[in-house]
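Note sheet for the following structure.
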Amino acid sequence: MAEDVSHQPIECMSCGTVNAWMSEACRSCHAVLAEAGKPLDLSSRPPEPPESSSVDSSPSRPPLGPALTGRLGILWLVLGIGVYVASVQVGASVLQKTVLAKDPKVAAIIEKNMAAGGAQGALSEEEKALLEEHKPAIFAAILPVMLGAPLLIGFILGRLTGSLREAMWAMGIGCVLANTTAVQNVGLLFMVILSGVLTAGIGALGALPGRAWHRAIVRRKSTTAP
């Protein structure tokens with residue numbers, strides 16, 4: 001016995017909208033179904049999934065951004081400045097207790113040279129010779145602060161924030177603040193600002209592997225998240 005298709009839904013030939021069997025015009029484009037429609041063969045279409053009657057109430061996951069910004073970024077910036085300034089104080093204490101304690105003349109020569117802004121002729125030949133004699137010990141005391149501290153602090157900030165910005169600003173501002181007391185003339189001010197720029201660059205270099213580590217963890221979490 002032939003299947004009765006008279007009561008099957010009608011698909012509009014103009015827009016594809018499915019209409020009830022008794023409709024004469026399409027409910028979407030209002031085309032006349034007697035001329036532009038055909039009975040819908042339901043057996044040729046895959047079954048449509050049932051509509052979900054419940055709304056997913058699970059909380060949406062916050063996006064995992066590559067960097068921490070806003071107030072948290074400012075917090076890391078302030079902490080980085082504080083740690084760097086503290087490390088400079090530690091380095092100055094080590095220098096005082098090692099090189100300068102052995103020969104008090106070296107401290108006077110360094111202060112004299114700084115007051116003159118490193119100008120030529122500020123030191124006598126004897127003072128230059130004494131300063132050259134103690135240069136290896138002086139550099140051994142200050143290099144960990146000049147290079148090691150910005151690299152290490154920059155790495156930590158890059159790992160925590162996922163950016164270079166906090167490390168650069170923290171190291172640059174920290175260097176300027178730590179050497180503010182040494183500014184006695186325009187020449188020294190220029191040297192302090194230049195040191196701040198260089199220290200900011202060192203901090204950025206240290207932050208590069210930290211940022212790479214941070215982003216690798218973010219990518220791993222985003223791929224394993226359900």
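Chains: A, B, ... in order of the structure tokens. Residues: from 1 per chain. Ligands: from 1, in order shown.
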Can I get the residues of region 72-116 of chain A within 9 Å of region 165-172 of chain A, each with the closest pair of atoms and their distance in Å to one decimal, using only C-alpha atoms, sorted chain first then ascending number, as a Markdown table?
| residue | atom | partner | partner_atom | distance |
| --- | --- | --- | --- | --- |
| A:Gly73 | CA | A:Glu166 | CA | 6.8 |
| A:Ile74 | CA | A:Glu166 | CA | 7.7 |
| A:Trp76 | CA | A:Glu166 | CA | 6.9 |
| A:Leu77 | CA | A:Glu166 | CA | 5.2 |
| A:Val78 | CA | A:Ala170 | CA | 6.9 |
| A:Leu79 | CA | A:Ala170 | CA | 8.1 |
| A:Gly80 | CA | A:Ala170 | CA | 5.3 |
| A:Ile81 | CA | A:Ala170 | CA | 4.8 |
| A:Gly82 | CA | A:Ala170 | CA | 8.5 |
| A:Tyr84 | CA | A:Met171 | CA | 6.8 |
*Please identify all polymer residues within 10 Å of region 128-142 of chain A, counting only C-alpha atoms, omitting same-chain residues fewer than 2 positions from it, and present them as a PyMOL selection string.*
chain A and resi 88+90-96+98-100+103+105-107+109-110+113+121-126+144-148
Selected residues written out, C-alpha atoms, as a CSV table (one decimal), in the first residue's frame:
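Below is the file part.csv, written as the result:
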chain,number,residue,atom,x,y,z
A,88,VAL,CA,71.7,46.5,46.2
A,90,VAL,CA,73.2,43.7,50.6
A,91,GLY,CA,75.8,44.1,47.8
A,92,ALA,CA,76.9,47.4,49.3
A,93,SER,CA,77.2,45.8,52.7
A,94,VAL,CA,79.3,43.0,51.3
A,95,LEU,CA,81.6,45.5,49.5
A,96,GLN,CA,81.9,47.5,52.7
A,98,THR,CA,85.3,43.0,52.3
A,99,VAL,CA,87.2,45.5,50.1
A,100,LEU,CA,86.6,48.7,51.9
A,103,ASP,CA,91.7,49.5,53.0
A,105,LYS,CA,91.5,54.6,51.4
A,106,VAL,CA,89.6,52.8,48.6
A,107,ALA,CA,86.3,54.1,50.0
A,109,ILE,CA,88.9,57.3,46.5
A,110,ILE,CA,85.6,55.9,45.2
A,113,ASN,CA,85.7,59.8,41.9
A,121,GLY,CA,92.1,64.3,36.4
A,122,ALA,CA,90.0,63.9,39.4
A,123,LEU,CA,92.3,61.3,40.9
A,124,SER,CA,96.0,61.3,41.3
A,125,GLU,CA,98.2,58.6,39.8
A,126,GLU,CA,98.7,57.1,43.2
A,144,PRO,CA,76.3,39.7,41.4
A,145,VAL,CA,74.1,42.8,42.1
A,146,MET,CA,74.6,44.4,38.7
A,147,LEU,CA,73.9,41.3,36.7
A,148,GLY,CA,72.7,38.5,38.9
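What separates CA of Leu143 (chain A) from CA of Phe155 (chain A) is a distance of 17.4 Å.
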*So how many Å separate CA of Pro150 (chain A) and CA of Arg219 (chain A), to one decimal?*
26.9 Å
*Report the distance between CA of Leu205 (chain A) and CA of Lys221 (chain A) in Å, rounded to one decimal place.*
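Between these atoms lies a distance of 25.5 Å.
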*Using only C-alpha atoms, determine which residues lie at most 9 Å from Val83 (chain A), disregarding the query and same-chain residues fewer than 6 positions distant; provide the list as a PyMOL selection string.*
chain A and resi 149+153+174
Would you pick out the contacts of Pro209 (chain A) at 10 Å or less, using only C-alpha atoms, so that residues sharing its chain but fewer than 4 positions from it are not included, and give the list as a short mmCIF file (atom, residue, chain, number, x, y, z; two decimals) with all heavy atoms, in the first residue's frame?
data_model
loop_
_atom_site.label_atom_id
_atom_site.label_comp_id
_atom_site.auth_asym_id
_atom_site.auth_seq_id
_atom_site.Cartn_x
_atom_site.Cartn_y
_atom_site.Cartn_z
N GLY A 154 64.14 39.36 37.24
CA GLY A 154 63.41 39.43 35.97
C GLY A 154 62.84 38.08 35.59
O GLY A 154 61.70 37.98 35.10
N PHE A 155 63.61 37.01 35.80
CA PHE A 155 63.12 35.66 35.50
C PHE A 155 61.88 35.33 36.34
O PHE A 155 60.89 34.80 35.82
CB PHE A 155 64.22 34.64 35.76
CG PHE A 155 63.76 33.21 35.64
CD1 PHE A 155 63.60 32.62 34.40
CD2 PHE A 155 63.47 32.47 36.78
CE1 PHE A 155 63.16 31.30 34.29
CE2 PHE A 155 63.02 31.17 36.68
CZ PHE A 155 62.87 30.57 35.42
N ILE A 156 61.93 35.65 37.61
CA ILE A 156 60.79 35.35 38.50
C ILE A 156 59.56 36.15 38.09
O ILE A 156 58.45 35.62 38.02
CB ILE A 156 61.18 35.64 39.96
CG1 ILE A 156 62.29 34.69 40.41
CG2 ILE A 156 59.97 35.51 40.87
CD1 ILE A 156 62.84 34.99 41.79
N GLY A 158 58.92 37.38 35.10
CA GLY A 158 58.43 36.86 33.83
C GLY A 158 57.65 35.57 34.01
O GLY A 158 56.64 35.35 33.34
N ARG A 159 58.11 34.73 34.93
CA ARG A 159 57.39 33.48 35.21
C ARG A 159 56.03 33.74 35.85
O ARG A 159 55.04 33.06 35.55
CB ARG A 159 58.26 32.60 36.13
CG ARG A 159 57.55 31.41 36.75
CD ARG A 159 57.08 30.42 35.71
NE ARG A 159 56.33 29.36 36.30
CZ ARG A 159 55.03 29.38 36.54
NH1 ARG A 159 54.33 30.47 36.22
NH2 ARG A 159 54.41 28.35 37.09
N GLY A 162 54.06 36.49 33.03
CA GLY A 162 53.97 36.15 31.62
C GLY A 162 54.27 37.31 30.70
O GLY A 162 53.89 37.29 29.53
N ALA A 204 64.81 42.49 31.44
CA ALA A 204 64.01 41.94 30.34
C ALA A 204 64.62 40.65 29.81
O ALA A 204 63.90 39.69 29.48
CB ALA A 204 63.90 42.97 29.22
N LEU A 205 65.95 40.59 29.73
CA LEU A 205 66.61 39.36 29.29
C LEU A 205 66.31 38.21 30.26
O LEU A 205 66.08 37.07 29.84
CB LEU A 205 68.13 39.58 29.20
CG LEU A 205 68.61 40.47 28.04
CD1 LEU A 205 70.12 40.65 28.13
CD2 LEU A 205 68.23 39.85 26.70
N TRP A 213 58.34 30.01 30.02
CA TRP A 213 57.86 28.98 30.95
C TRP A 213 56.39 29.21 31.30
O TRP A 213 55.59 28.28 31.32
CB TRP A 213 58.74 29.00 32.19
CG TRP A 213 58.48 27.87 33.16
CD1 TRP A 213 57.63 26.81 32.99
CD2 TRP A 213 59.08 27.68 34.44
NE1 TRP A 213 57.65 25.99 34.07
CE2 TRP A 213 58.54 26.49 34.99
CE3 TRP A 213 60.02 28.40 35.17
CZ2 TRP A 213 58.91 26.02 36.24
CZ3 TRP A 213 60.39 27.93 36.42
CH2 TRP A 213 59.84 26.75 36.94
N HIS A 214 56.05 30.46 31.57
CA HIS A 214 54.66 30.81 31.92
C HIS A 214 53.71 30.44 30.77
O HIS A 214 52.66 29.83 30.99
CB HIS A 214 54.57 32.30 32.21
CG HIS A 214 53.18 32.80 32.45
ND1 HIS A 214 52.62 32.85 33.71
CD2 HIS A 214 52.23 33.27 31.60
CE1 HIS A 214 51.39 33.31 33.62
NE2 HIS A 214 51.13 33.59 32.36
N ARG A 215 54.07 30.78 29.55
CA ARG A 215 53.19 30.51 28.41
C ARG A 215 53.08 29.01 28.14
O ARG A 215 52.02 28.54 27.71
CB ARG A 215 53.71 31.25 27.18
CG ARG A 215 53.58 32.76 27.30
CD ARG A 215 54.03 33.47 26.03
NE ARG A 215 53.76 34.90 26.11
CZ ARG A 215 54.06 35.77 25.14
NH1 ARG A 215 54.65 35.34 24.04
NH2 ARG A 215 53.77 37.05 25.28
#
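Among the candidate residues A:Ser23, A:Ser163, A:Gln8, A:Ser14, the one lying nearest to Gly206 (chain A) is A:Ser163, with distances computed using only C-alpha atoms.
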*May I ask which of the residues A:Arg27, A:Arg220, A:Ala108, A:Leu151 is the closest one to Gly201 (chain A), counting only C-alpha atoms?*
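Among the listed residues, the smallest separation from Gly201 (chain A) belongs to A:Leu151.
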